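Reproduced below: data_6.txt, with compact mmCIF, C-alpha atoms and all ligand atoms.
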```
# COMPACT_ATOMS: atom_id res chain seq x y z
CA MET U 1062 0.00 0.00 0.00
CA ASN U 1063 1.43 3.38 -0.88
CA ILE U 1064 1.98 5.94 1.81
CA THR U 1065 -0.91 8.21 0.77
CA LYS U 1066 -3.36 5.32 1.16
CA GLN U 1067 -1.82 4.38 4.51
CA VAL U 1068 -2.20 7.93 5.79
CA GLU U 1069 -5.79 8.10 4.53
CA GLN U 1070 -6.58 4.87 6.34
CA LEU U 1071 -4.95 5.99 9.59
CA LEU U 1072 -7.00 9.19 9.52
CA LYS U 1073 -10.29 7.54 8.54
CA GLN U 1074 -9.95 4.79 11.15
CA GLY U 1075 -9.26 7.43 13.77
CA ASP U 1076 -5.83 5.95 14.56
CA VAL U 1077 -4.37 9.42 14.25
CA ASP U 1078 -5.94 12.89 14.54
CA ILE U 1079 -3.27 14.53 12.42
CA PHE U 1080 -0.53 13.18 10.19
CA LEU U 1081 2.68 15.14 9.68
CA ALA U 1082 4.32 14.69 6.29
CA TYR U 1083 5.30 16.96 3.42
CA ARG U 1084 3.55 18.57 0.50
CA GLU U 1085 4.57 20.54 -2.53
CA LEU U 1086 3.60 24.22 -2.43
CA ASP U 1087 4.80 26.85 -4.90
CA GLY U 1088 7.72 24.63 -5.85
CA HIS U 1089 8.84 24.09 -2.26
CA LEU U 1090 8.59 20.82 -0.38
CA ILE U 1091 7.33 21.82 3.04
CA PRO U 1092 5.84 20.06 6.06
CA HIS U 1093 2.06 19.76 6.29
CA GLY U 1094 -0.44 18.46 8.82
CA TYR U 1095 -2.98 16.16 7.13
CA THR U 1096 -6.34 15.76 8.87
CA LEU U 1097 -9.86 14.59 8.06
CA ASP U 1098 -10.71 18.21 7.30
CA ASN U 1099 -8.25 18.47 4.45
CA LEU U 1100 -8.32 14.97 2.93
CA GLU U 1101 -8.19 16.58 -0.52
CA ASP U 1102 -4.61 17.71 0.26
CA LEU U 1103 -3.54 14.06 0.43
CA GLU U 1104 -2.98 13.93 -3.31
CA ASN U 1105 -0.01 16.27 -2.78
CA LEU U 1106 1.51 14.19 0.02
CA LYS U 1107 5.25 13.85 -0.42
CA VAL U 1108 8.22 12.36 1.37
CA SER U 1109 10.53 15.29 1.01
CA GLN U 1110 14.26 15.23 0.37
CA HIS U 1111 14.39 18.23 2.64
CA ARG U 1112 14.29 17.35 6.28
CA TYR U 1113 12.41 19.33 8.86
CA SER U 1114 12.06 18.22 12.43
CA LEU U 1115 8.50 16.88 12.29
CA GLU U 1116 8.93 15.47 15.80
CA LYS U 1117 9.56 18.97 17.06
CA VAL U 1118 6.28 20.01 15.44
CA ALA U 1119 4.69 17.06 17.24
CA THR U 1120 5.96 18.39 20.57
CA HIS U 1121 4.43 21.79 19.75
CA LEU U 1122 1.08 20.15 18.96
CA THR U 1123 1.27 18.02 22.10
CA GLU U 1124 1.95 21.11 24.20
CA LYS U 1125 -1.37 22.51 23.02
CA LYS U 1126 -3.32 19.25 23.17
CA PRO U 1127 -1.61 16.55 25.25
CA ASN U 1128 -3.67 13.59 24.04
CA LEU U 1129 -3.56 14.37 20.36
CA LYS U 1130 -2.78 11.27 18.30
CA ILE U 1131 -0.10 12.18 15.80
CA GLY U 1132 1.21 10.27 12.80
CA ILE U 1133 4.62 11.11 11.42
CA VAL U 1134 6.45 10.17 8.28
CA ALA U 1135 9.78 9.17 9.76
CA ARG U 1136 13.26 8.59 8.50
CA ASP U 1137 15.81 6.99 10.77
CA CYS U 1138 16.81 10.37 12.24
CA ASN U 1139 13.17 11.18 13.03
CA GLN U 1140 12.79 7.79 14.71
CA ARG U 1141 15.91 8.37 16.82
CA ALA U 1142 14.58 11.78 17.82
CA LEU U 1143 11.22 10.24 18.72
CA ASN U 1144 12.92 7.60 20.88
CA LEU U 1145 14.84 10.29 22.67
CA LEU U 1146 11.77 12.45 23.17
CA TYR U 1147 9.94 9.43 24.63
CA THR U 1148 12.72 8.78 27.13
CA TRP U 1149 12.68 12.44 28.16
CA ASN U 1150 8.86 12.39 28.52
CA GLN U 1151 8.34 15.02 25.84
CA LEU U 1152 6.13 12.75 23.76
CA SER U 1153 4.45 9.52 24.64
CA PRO U 1154 4.77 6.53 22.31
CA GLU U 1155 1.04 5.67 22.67
CA ASN U 1156 0.15 8.90 20.91
CA ILE U 1157 2.66 8.69 18.08
CA THR U 1158 2.41 6.56 14.94
CA PRO U 1159 5.56 6.74 12.82
CA LEU U 1160 5.48 5.49 9.23
CA MET U 1161 9.05 4.62 8.36
CA VAL U 1162 10.51 5.68 5.02
CA ASN U 1163 13.98 5.40 3.50
CA CYS U 1164 16.63 7.47 5.12
CA CYS U 1165 20.16 8.78 5.24
CA PRO U 1166 23.11 6.83 6.63
CA SER U 1167 23.66 7.19 10.33
CA GLN U 1168 25.53 5.64 13.19
CA THR U 1169 22.69 3.23 13.81
CA ARG U 1170 21.80 2.47 10.21
CA ASN U 1171 23.77 2.10 6.97
CA HIS U 1172 20.85 2.25 4.62
CA SER U 1173 21.07 5.19 2.29
CA ASP U 1174 18.50 6.48 -0.19
CA CYS U 1175 18.37 10.12 0.73
CA THR U 1176 20.88 12.20 -1.18
CA TYR U 1177 20.30 15.22 0.99
CA LEU U 1178 23.19 14.51 3.28
CA GLU U 1179 25.90 14.44 0.67
CA PRO U 1180 29.25 15.25 2.25
CA LYS U 1181 29.47 18.98 2.82
CA LYS U 1182 32.12 20.92 0.96
CA THR U 1183 34.86 22.68 2.87
CA GLY U 1184 36.68 25.64 1.30
CA THR U 1185 40.48 25.90 1.35
CA PHE U 1186 40.61 28.72 3.89
CA LYS U 1187 38.43 26.77 6.28
CA GLN U 1188 40.59 23.71 5.76
CA LYS U 1189 43.66 25.75 6.64
CA LYS U 1190 42.35 27.73 9.63
CA GLY U 1191 39.29 25.85 10.74
CA ILE U 1192 37.87 22.37 10.60
CA ASP U 1193 37.00 20.26 7.59
CA PHE U 1194 33.39 19.06 7.88
CA ASN U 1195 34.38 15.64 6.61
CA GLU U 1196 37.60 15.06 8.50
CA ASN U 1197 37.77 11.89 10.50
CA PRO U 1198 37.74 12.98 14.16
CA ARG U 1199 40.49 10.47 15.02
CA GLU U 1200 42.74 11.89 12.31
CA PHE U 1201 41.88 15.41 13.42
CA MET U 1202 43.07 14.53 16.92
CA ASP U 1203 46.24 12.86 15.61
CA ASN U 1204 47.16 15.60 13.14
CA ASN U 1205 46.64 18.56 15.48
CA ASP U 1206 48.16 19.13 18.89
CA ASN U 1207 46.16 20.69 21.73
CA GLY U 1208 47.05 24.26 20.76
CA GLN U 1209 46.20 23.73 17.10
CA ARG U 1210 42.89 22.12 17.94
CA PHE U 1211 42.02 24.97 20.26
CA SER U 1212 42.86 27.63 17.71
CA ARG U 1213 40.93 25.82 14.98
CA TRP U 1214 37.83 25.52 17.15
CA MET U 1215 38.16 29.14 18.28
CA TYR U 1216 38.35 30.23 14.65
CA GLU U 1217 35.13 28.32 13.97
CA PHE U 1218 33.35 29.61 17.08
CA SER U 1219 34.39 33.22 16.43
CA LYS U 1220 32.20 33.20 13.31
CA CYS U 1221 29.05 32.57 15.37
CA ILE U 1222 26.33 35.19 14.86
CA LYS U 1223 24.33 33.90 17.84
CA CYS U 1224 21.26 33.23 15.78
CA TYR U 1225 20.24 30.37 18.09
CA GLY U 1226 19.42 28.43 14.93
CA CYS U 1227 21.32 25.38 16.19
CA ARG U 1228 19.11 25.26 19.27
CA ASN U 1229 15.88 26.30 17.57
CA ILE U 1230 16.04 23.66 14.88
CA CYS U 1231 17.22 20.86 17.16
CA PRO U 1232 14.59 18.18 17.82
CA VAL U 1233 16.04 17.42 21.24
CA CYS U 1234 16.40 21.02 22.49
CA PHE U 1235 13.13 21.44 24.31
CA CYS U 1236 13.99 23.22 27.57
CA THR U 1237 11.62 26.05 28.49
CA ASP U 1238 14.50 27.86 30.19
CA CYS U 1239 17.50 27.56 27.93
CA SER U 1240 20.96 27.99 29.46
CA LEU U 1241 22.11 29.78 26.33
CA GLU U 1242 19.85 32.66 27.30
CA ASN U 1243 20.90 32.68 30.92
CA PRO U 1244 22.79 35.95 31.49
CA ASP U 1245 24.97 34.29 34.16
CA LEU U 1246 26.30 31.80 31.64
CA VAL U 1247 26.25 33.75 28.39
CA GLU U 1248 26.52 37.51 28.41
CA PRO U 1249 23.58 39.06 26.57
CA GLY U 1250 24.15 41.50 23.73
CA ALA U 1251 27.70 40.47 22.84
CA LEU U 1252 28.80 39.28 19.41
CA PRO U 1253 30.38 36.87 18.84
CA PRO U 1254 28.88 35.34 21.95
CA GLU U 1255 31.30 34.42 24.70
CA ILE U 1256 33.40 31.73 23.12
CA PRO U 1257 34.03 28.92 23.57
CA ILE U 1258 31.53 28.87 26.47
CA PHE U 1259 28.43 29.42 24.33
CA HIS U 1260 29.23 26.41 22.17
CA LEU U 1261 30.56 24.25 24.96
CA VAL U 1262 27.44 24.78 27.09
CA ARG U 1263 25.37 23.46 24.24
CA ALA U 1264 27.87 20.69 23.53
CA THR U 1265 27.70 19.38 27.10
CA HIS U 1266 23.90 19.41 26.91
CA MET U 1267 24.09 17.35 23.75
CA ALA U 1268 26.05 14.61 25.50
CA GLY U 1269 23.68 11.67 25.81
CA ARG U 1270 21.05 13.63 23.92
CA CYS U 1271 22.15 14.53 20.38
CA ILE U 1272 20.75 11.99 17.94
CA ASP U 1273 23.10 13.13 15.16
CA CYS U 1274 20.49 14.34 12.69
CA GLY U 1275 22.72 17.14 11.39
CA LEU U 1276 19.94 19.74 11.30
CA CYS U 1277 21.96 22.18 13.45
CA GLU U 1278 24.96 22.07 11.15
CA ASP U 1279 22.65 22.61 8.16
CA ALA U 1280 21.06 25.62 9.82
CA CYS U 1281 24.27 27.26 10.99
CA PRO U 1282 24.88 30.36 8.86
CA ALA U 1283 28.49 30.43 10.07
CA GLU U 1284 29.24 26.90 8.83
CA ILE U 1285 30.51 25.78 12.21
CA PRO U 1286 31.02 21.99 12.25
CA LEU U 1287 28.57 21.44 15.11
CA ARG U 1288 27.78 17.87 14.19
CA PHE U 1289 31.47 17.03 14.38
CA LEU U 1290 31.59 18.51 17.88
CA TYR U 1291 28.51 16.69 19.20
CA ARG U 1292 29.57 13.43 17.57
CA GLU U 1293 32.84 13.57 19.47
CA MET U 1294 30.93 14.33 22.70
CA ASN U 1295 28.80 11.30 22.13
CA ARG U 1296 31.72 9.10 21.19
CA ILE U 1297 32.89 9.66 24.76
CA VAL U 1298 29.39 8.94 26.09
CA SER U 1299 29.34 5.76 24.07
CA ASP U 1300 32.84 4.68 25.21
CA VAL U 1301 32.27 5.46 28.87
CA PHE U 1302 28.58 4.73 29.36
CA ASP U 1303 27.85 2.45 26.41
CA TYR U 1304 24.91 4.66 25.46
CA THR U 1305 23.87 5.89 21.99
CA PRO U 1306 21.14 8.54 22.15
CA GLY U 1307 18.01 7.59 20.26
CA ALA U 1308 19.10 4.05 19.47
CA GLY U 1309 16.43 2.63 21.76
CA LEU U 1310 14.16 3.46 24.65
CA GLU U 1311 16.86 3.32 27.28
CA LYS U 1312 17.11 6.49 29.35
CA SER U 1313 20.21 8.63 29.06
CA PRO U 1314 22.82 8.00 31.77
CA PHE U 1315 22.50 11.72 32.55
CA THR U 1316 18.81 11.61 33.34
CA ILE U 1317 18.33 13.27 36.67
CA ILE U 1318 14.58 13.69 36.48
CA GLY U 1319 12.65 10.88 38.16
CA ASN U 1320 13.08 8.72 41.19
CA GLU U 1321 16.25 7.00 40.28
CA VAL U 1322 19.67 8.32 39.35
CA THR U 1323 21.28 6.04 36.80
CA LEU U 1324 24.51 8.00 36.47
CA GLU U 1325 27.40 6.02 37.91
CA PRO U 1326 30.55 8.03 38.53
CA ARG U 1327 33.40 6.51 36.59
CA PRO U 1328 36.86 7.79 35.68
CA MET U 1329 36.98 9.54 32.32
CA ASP U 1330 39.89 7.43 31.10
CA ALA U 1331 38.00 4.19 31.67
CA MET A 556 -6.61 20.73 15.59
CA ASN A 557 -4.90 21.75 12.39
CA CYS A 558 -1.31 22.53 11.56
CA LYS A 559 0.04 23.95 8.37
CA PHE A 560 3.20 25.59 7.16
CA VAL A 561 3.14 28.81 5.20
CA PRO A 562 6.15 29.95 3.19
CA SER A 563 6.90 33.65 3.37
CA VAL A 564 9.73 36.16 3.18
CA CYS A 565 11.40 37.69 6.22
CA SER A 566 10.31 41.27 6.61
CA TYR A 567 13.25 42.45 8.70
CA CYS A 568 15.88 43.33 6.12
CA GLY A 569 16.63 43.57 2.44
CA THR A 570 18.25 40.13 2.20
CA GLY A 571 14.82 38.59 1.84
CA CYS A 572 15.35 35.20 3.46
CA GLY A 573 12.71 32.54 2.92
CA VAL A 574 10.86 31.51 6.06
CA LEU A 575 8.20 28.99 6.95
CA PHE A 576 5.58 29.84 9.51
CA GLU A 577 4.31 26.97 11.63
CA VAL A 578 0.60 27.77 11.97
CA ILE A 579 -1.34 25.84 14.60
CA ASP A 580 -5.09 26.42 14.71
CA GLY A 581 -4.76 29.66 12.78
CA LYS A 582 -2.04 31.14 14.96
CA ILE A 583 1.63 31.46 14.02
CA ASN A 584 3.45 29.38 16.58
CA SER A 585 7.05 29.45 15.38
CA THR A 586 9.30 30.37 12.47
CA LEU A 587 11.62 28.07 10.55
CA PRO A 588 14.04 28.69 7.71
CA LEU A 589 12.73 27.57 4.32
CA LYS A 590 15.28 24.94 3.34
CA SER A 591 14.68 25.13 -0.40
CA HIS A 592 14.86 28.91 -0.61
CA PRO A 593 17.70 30.04 -2.92
CA VAL A 594 18.59 33.12 -0.86
CA ASN A 595 19.18 31.70 2.61
CA GLN A 596 19.37 27.95 1.91
CA GLY A 597 17.88 26.90 5.21
CA LYS A 598 19.61 29.46 7.41
CA LEU A 599 18.33 32.56 9.22
CA CYS A 600 19.67 35.26 11.51
CA ILE A 601 18.12 35.78 14.91
CA LYS A 602 15.61 38.29 13.59
CA GLY A 603 14.23 35.85 11.06
CA TRP A 604 14.02 33.12 13.72
CA SER A 605 11.96 35.46 15.91
CA LEU A 606 9.43 36.75 13.35
CA HIS A 607 6.47 35.09 15.08
CA GLU A 608 7.19 37.09 18.23
CA TYR A 609 6.43 40.44 16.71
CA ILE A 610 3.53 39.11 14.69
CA ASN A 611 1.94 37.93 17.93
CA SER A 612 3.06 40.88 20.05
CA TYR A 613 0.32 42.55 22.06
CA MET A 614 1.97 45.86 21.26
CA ARG A 615 1.39 45.42 17.55
CA LEU A 616 -0.63 48.19 15.90
CA LYS A 617 -3.72 46.80 14.26
CA ALA A 618 -5.62 50.00 13.49
CA PRO A 619 -4.51 53.51 12.54
CA LEU A 620 -4.10 55.99 15.38
CA VAL A 621 -4.45 59.75 15.00
CA LYS A 622 -2.97 62.11 17.56
CA GLU A 623 -5.55 64.56 18.90
CA ASN A 624 -4.81 66.94 21.75
CA GLY A 625 -1.61 65.09 22.48
CA HIS A 626 -3.26 61.67 22.70
CA PHE A 627 -3.50 58.87 20.19
CA GLN A 628 -7.08 58.05 19.20
CA LYS A 629 -8.19 55.01 17.24
CA ALA A 630 -9.34 55.99 13.76
CA THR A 631 -10.61 54.37 10.58
CA TRP A 632 -8.34 54.18 7.55
CA ASP A 633 -10.42 56.82 5.77
CA GLU A 634 -10.12 59.23 8.68
CA ALA A 635 -6.39 58.64 9.04
CA ILE A 636 -5.62 59.03 5.35
CA THR A 637 -7.76 62.16 5.06
CA HIS A 638 -6.00 63.58 8.11
CA ALA A 639 -2.54 62.85 6.65
CA ALA A 640 -3.45 64.21 3.19
CA LYS A 641 -4.88 67.39 4.67
CA ASN A 642 -1.75 68.04 6.70
CA PHE A 643 0.64 67.20 3.84
CA ASN A 644 -1.25 69.73 1.72
CA ARG A 645 -1.03 72.30 4.48
CA ILE A 646 2.76 71.80 4.84
CA LYS A 647 3.22 71.93 1.07
CA GLU A 648 1.25 75.17 0.77
CA THR A 649 2.95 76.88 3.70
CA HIS A 650 6.57 75.70 3.27
CA GLY A 651 6.81 74.29 -0.27
CA PRO A 652 7.06 70.63 -1.41
CA ASP A 653 10.72 70.30 -0.34
CA ALA A 654 9.60 70.57 3.27
CA ILE A 655 8.44 66.98 2.87
CA GLY A 656 10.73 63.97 2.57
CA VAL A 657 9.87 60.35 1.82
CA LEU A 658 11.78 57.49 3.41
CA VAL A 659 11.42 54.15 1.68
CA SER A 660 12.74 50.82 2.81
CA ALA A 661 14.75 47.75 1.96
CA LYS A 662 12.07 45.69 3.62
CA VAL A 663 9.35 46.39 1.08
CA THR A 664 9.13 45.28 -2.54
CA ASN A 665 10.65 47.07 -5.53
CA GLU A 666 7.15 47.91 -6.70
CA GLU A 667 6.24 49.53 -3.40
CA ASN A 668 9.47 51.54 -3.43
CA TYR A 669 8.72 52.61 -6.99
CA LEU A 670 5.23 53.77 -6.01
CA ALA A 671 6.59 55.68 -3.02
CA GLN A 672 9.08 57.67 -5.12
CA LYS A 673 6.31 58.27 -7.68
CA LEU A 674 4.15 59.70 -4.91
CA ALA A 675 7.07 61.89 -3.76
CA ARG A 676 7.99 63.21 -7.21
CA ALA A 677 4.66 63.34 -9.04
CA ALA A 678 2.11 63.96 -6.30
CA ILE A 679 4.08 65.89 -3.67
CA GLY A 680 6.66 67.39 -6.01
CA THR A 681 9.90 66.74 -4.15
CA ASN A 682 13.08 64.82 -4.90
CA ASN A 683 13.63 64.20 -1.19
CA VAL A 684 13.52 60.41 -1.37
CA ASP A 685 15.86 58.29 0.67
CA HIS A 686 16.31 54.72 1.69
CA CYS A 687 17.29 52.90 4.88
CA ALA A 688 19.79 50.69 3.04
CA ARG A 689 21.84 53.80 2.13
CA LEU A 690 22.79 54.47 5.75
S1 LIG O 1401 22.70 16.88 15.24
FE1 LIG O 1401 22.29 18.96 15.98
S2 LIG O 1401 20.10 19.28 15.60
FE2 LIG O 1401 20.45 17.08 15.50
S3 LIG O 1401 20.06 16.31 17.57
FE3 LIG O 1401 22.25 16.75 17.44
S4 LIG O 1401 22.44 18.81 18.21
FE4 LIG O 1401 20.29 18.53 17.72
S1 LIG O 1402 20.91 24.29 24.55
FE1 LIG O 1402 20.74 23.14 26.45
S2 LIG O 1402 19.40 24.37 27.78
FE2 LIG O 1402 19.15 25.13 25.68
S3 LIG O 1402 17.36 24.00 24.90
FE3 LIG O 1402 19.20 22.85 24.28
S4 LIG O 1402 19.52 21.34 25.91
FE4 LIG O 1402 18.11 22.91 26.69
S1 LIG O 1403 23.59 28.13 14.41
FE1 LIG O 1403 25.78 28.63 14.23
S2 LIG O 1403 25.84 30.87 14.17
FE2 LIG O 1403 23.82 30.31 14.95
S3 LIG O 1403 24.05 30.32 17.20
FE3 LIG O 1403 24.40 28.23 16.50
S4 LIG O 1403 26.63 28.08 16.24
FE4 LIG O 1403 26.11 30.27 16.30
S1 LIG O 1404 16.52 36.39 8.45
FE1 LIG O 1404 17.94 38.06 8.97
S2 LIG O 1404 19.25 38.25 7.17
FE2 LIG O 1404 17.42 37.11 6.54
S3 LIG O 1404 16.00 38.65 5.76
FE3 LIG O 1404 15.51 38.33 7.92
S4 LIG O 1404 16.67 39.90 9.00
FE4 LIG O 1404 17.56 39.74 6.96
```
The structure given in the file should be rewritten as structure tokens.
Ligand code: SF4
Ligand code: SF4
Ligand code: SF4
Ligand code: SF4
Amino acid sequence: MNITKQVEQLLKQGDVDIFLAYRELDGHLIPHGYTLDNLEDLENLKVSQHRYSLEKVATHLTEKKPNLKIGIVARDCNQRALNLLYTWNQLSPENITPLMVNCCPSQTRNHSDCTYLEPKKTGTFKQKKGIDFNENPREFMDNNDNGQRFSRWMYEFSKCIKCYGCRNICPVCFCTDCSLENPDLVEPGALPPEIPIFHLVRATHMAGRCIDCGLCEDACPAEIPLRFLYREMNRIVSDVFDYTPGAGLEKSPFTIIGNEVTLEPRPMDA
Amino acid sequence: MNCKFVPSVCSYCGTGCGVLFEVIDGKINSTLPLKSHPVNQGKLCIKGWSLHEYINSYMRLKAPLVKENGHFQKATWDEAITHAAKNFNRIKETHGPDAIGVLVSAKVTNEENYLAQKLARAAIGTNNVDHCARL
């Protein structure tokens, strides 16, 4: 059964109240909420090459109506984000119906149909002063000493225009009170923001949380290799805690909400 | 509950980045960059990201206000435009057309800018036309 028929059935059977997928409008592929009230739109239903965080839209809808049953067309990255949002109690799996479609390669899946995430291009100046998007992190560590790594990251961070795009677009950034807007941590009104603190605050929050969807790096107008940074954070989380965010429904080792603390102190060089 | 996305253009500066408004039950809930837009290619500055805040601001003007006796009074468009036209005519007659200047903007369309300079030159009779992007 094709996806349009599946969505129609889910809506008509009342399995979902709204289904989030894409449609074509004025030549753009954009997200759309399909409901019983706009069944005629279904003929334009698309699985877009462009990725938007539909699960973030789902959290916005759930905020307004907690028991809303939501269907989502999901690639692997969307599914990882959903898993993470379930474990952080931002969405509940009973209310979400994902329909899986082909996806981009990721740490948890090799399958690759989506051409959207072609390797990014890095210009020569950036290669010389900054960080190549596609460099292997191991080689980056081997080829650059501490000082060089620091200066390369500082070059990247100094380009930040503090648009908050990395946070705004991120499916797993859902805090009502974001540390990046806390004047005690990040001075308001300064550009570039206080570096490297601005970026490191976010990087530490992404430990055990970033599901490596790459949306932040796509949205960064300053071309800062954010995904590279968060991947390295989570390599440590994986080595030390054996945890990959979004891979399953296991709670992050850093979860401190709830009755039980699962974080076990262990030496970093374990 | 309905949720749709409406493509638009950022109204903050002359770059003209493509945005997508997330509209939930008829109200703009958040702003996203339009990924397929040739100008900004899925990126925005902080102003673009915050468009929904001013659209939904309680301080937003939704009707024309005319100042009478030092206080702003709500008026209809007809009243406001008549009031403005009357006073422009008065200024023009007393001080000449060059006492009036027209400021246009990078945030509006070419066509609107064209019409504004036409109004300045043909209707008011002044070459005092300037533009915020020339600062
Ligand atoms: S890759 Fe970026 S946008 Fe995606 S989950 Fe990680 S931090 Fe968030
Ligand atoms: S940057 Fe940190 S505090 Fe801000 S929304 Fe993301 S996880 Fe929350
Ligand atoms: S998206 Fe890039 S430029 Fe914008 S705040 Fe994040 S790191 Fe800075
Ligand atoms: S998002 Fe920023 S750069 Fe783009 S049009 Fe709006 S104000 Fe200008």
Residues near Asn668 (chain A), anyone? I mean within 10 Å using all atoms listed in the file, not counting same-chain ones fewer than 4 positions away, as a compact mmCIF listing (two decimals) with C-alpha atoms, in the coordinates of the input.
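Dumped to result_14.txt:
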```txt
# COMPACT_ATOMS: atom_id res chain seq x y z
CA LEU A 658 11.78 57.49 3.41
CA VAL A 659 11.42 54.15 1.68
CA SER A 660 12.74 50.82 2.81
CA ALA A 661 14.75 47.75 1.96
CA LYS A 662 12.07 45.69 3.62
CA VAL A 663 9.35 46.39 1.08
CA THR A 664 9.13 45.28 -2.54
CA GLN A 672 9.08 57.67 -5.12
CA LYS A 673 6.31 58.27 -7.68
CA LEU A 674 4.15 59.70 -4.91
CA VAL A 684 13.52 60.41 -1.37
CA HIS A 686 16.31 54.72 1.69
```
Collect all residues with atoms no farther than 7 Å from ligand LIG 1402 (chain O), counting only C-alpha atoms and all ligand atoms, and output them as a short mmCIF file (atom, residue, chain, number, x, y, z; two decimals) with C-alpha atoms, in the frame of the given file.
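Result file is pocket-v1.cif:
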```
data_model
loop_
_atom_site.label_atom_id
_atom_site.label_comp_id
_atom_site.auth_asym_id
_atom_site.auth_seq_id
_atom_site.Cartn_x
_atom_site.Cartn_y
_atom_site.Cartn_z
CA ARG U 1228 19.11 25.26 19.27
CA VAL U 1233 16.04 17.42 21.24
CA CYS U 1234 16.40 21.02 22.49
CA PHE U 1235 13.13 21.44 24.31
CA CYS U 1236 13.99 23.22 27.57
CA ASP U 1238 14.50 27.86 30.19
CA CYS U 1239 17.50 27.56 27.93
CA SER U 1240 20.96 27.99 29.46
CA LEU U 1241 22.11 29.78 26.33
CA VAL U 1262 27.44 24.78 27.09
CA ARG U 1263 25.37 23.46 24.24
CA HIS U 1266 23.90 19.41 26.91
CA MET U 1267 24.09 17.35 23.75
#
```
Counting only C-alpha atoms and all ligand atoms, which residues in chain A sit no more than 12 Å from ligand LIG 1403 (chain O)? For each one, give the nearest pair of atoms and the distance in Å, sorted by chain then residue number, as JSON lines.
```
{"residue": "A:Pro588", "atom": "CA", "partner": "O:LIG1403", "partner_atom": "S1", "distance": 11.7}
{"residue": "A:Gly597", "atom": "CA", "partner": "O:LIG1403", "partner_atom": "S1", "distance": 10.9}
{"residue": "A:Lys598", "atom": "CA", "partner": "O:LIG1403", "partner_atom": "S1", "distance": 8.2}
{"residue": "A:Leu599", "atom": "CA", "partner": "O:LIG1403", "partner_atom": "FE2", "distance": 8.2}
{"residue": "A:Cys600", "atom": "CA", "partner": "O:LIG1403", "partner_atom": "FE2", "distance": 7.3}
{"residue": "A:Ile601", "atom": "CA", "partner": "O:LIG1403", "partner_atom": "FE2", "distance": 7.9}
{"residue": "A:Lys602", "atom": "CA", "partner": "O:LIG1403", "partner_atom": "FE2", "distance": 11.5}
{"residue": "A:Gly603", "atom": "CA", "partner": "O:LIG1403", "partner_atom": "FE2", "distance": 11.7}
{"residue": "A:Trp604", "atom": "CA", "partner": "O:LIG1403", "partner_atom": "FE2", "distance": 10.3}
```
Adding 5 Å on each side of the box along x, y and z that holds all listed atoms of ligand LIG 1404 (chain O), could you give its centre and edge lengths in Å to one decimal, as lines of an AutoDock Vina configuration file?
```
center_x = 17.4
center_y = 38.1
center_z = 7.4
size_x = 13.7
size_y = 13.5
size_z = 13.2
```
Contacts of region 556-567 of chain A within 10 Å, all atoms listed in the file, excl. fewer than 2 positions in-chain, as a PyMOL selection string | (chain U and resi 1078-1081+1083-1084+1086-1087+1089+1091-1099+1118-1119+1122+1125-1126+1129) or (chain A and resi 569-589+592+599+602-606+661-663)
Listing only residues of chain U within 12 Å of ligand LIG 1404 (chain O), what is the closest atom pair and its distance in Å (to one decimal) for each, using all atoms listed in the file, sorted by chain and residue number ascending, as a tab-separated table?
```
residue	atom	partner	partner_atom	distance
U:Ile1222	CA	O:LIG1404	FE1	10.6
U:Lys1223	CA	O:LIG1404	FE1	11.7
U:Cys1224	CA	O:LIG1404	FE1	9.0
U:Tyr1225	CA	O:LIG1404	S1	12.0
U:Gly1226	CA	O:LIG1404	S1	10.7
U:Ala1280	CA	O:LIG1404	S1	11.8
U:Pro1282	CA	O:LIG1404	S2	9.8
```
Got a sec: who's within 8 Å of region 1206-1221 of chain U, counting all atoms listed in the file, leaving out chain neighbours fewer than 2 positions off, as an MDAnalysis selection string?
-> chainID U and resid 1190:1192 1202:1204 1223:1224 1252:1254 1256:1257 1260 1283:1286
How many Å separate CA of Lys1117 (chain U) from CA of Ile1258 (chain U)?
-> 25.9 Å
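Going from CA of Leu616 (chain A) over to CA of Thr631 (chain A), you cover 12.9 Å.
Picture a line from CA of Ala618 (chain A) to CA of Asp633 (chain A); it runs 11.4 Å.
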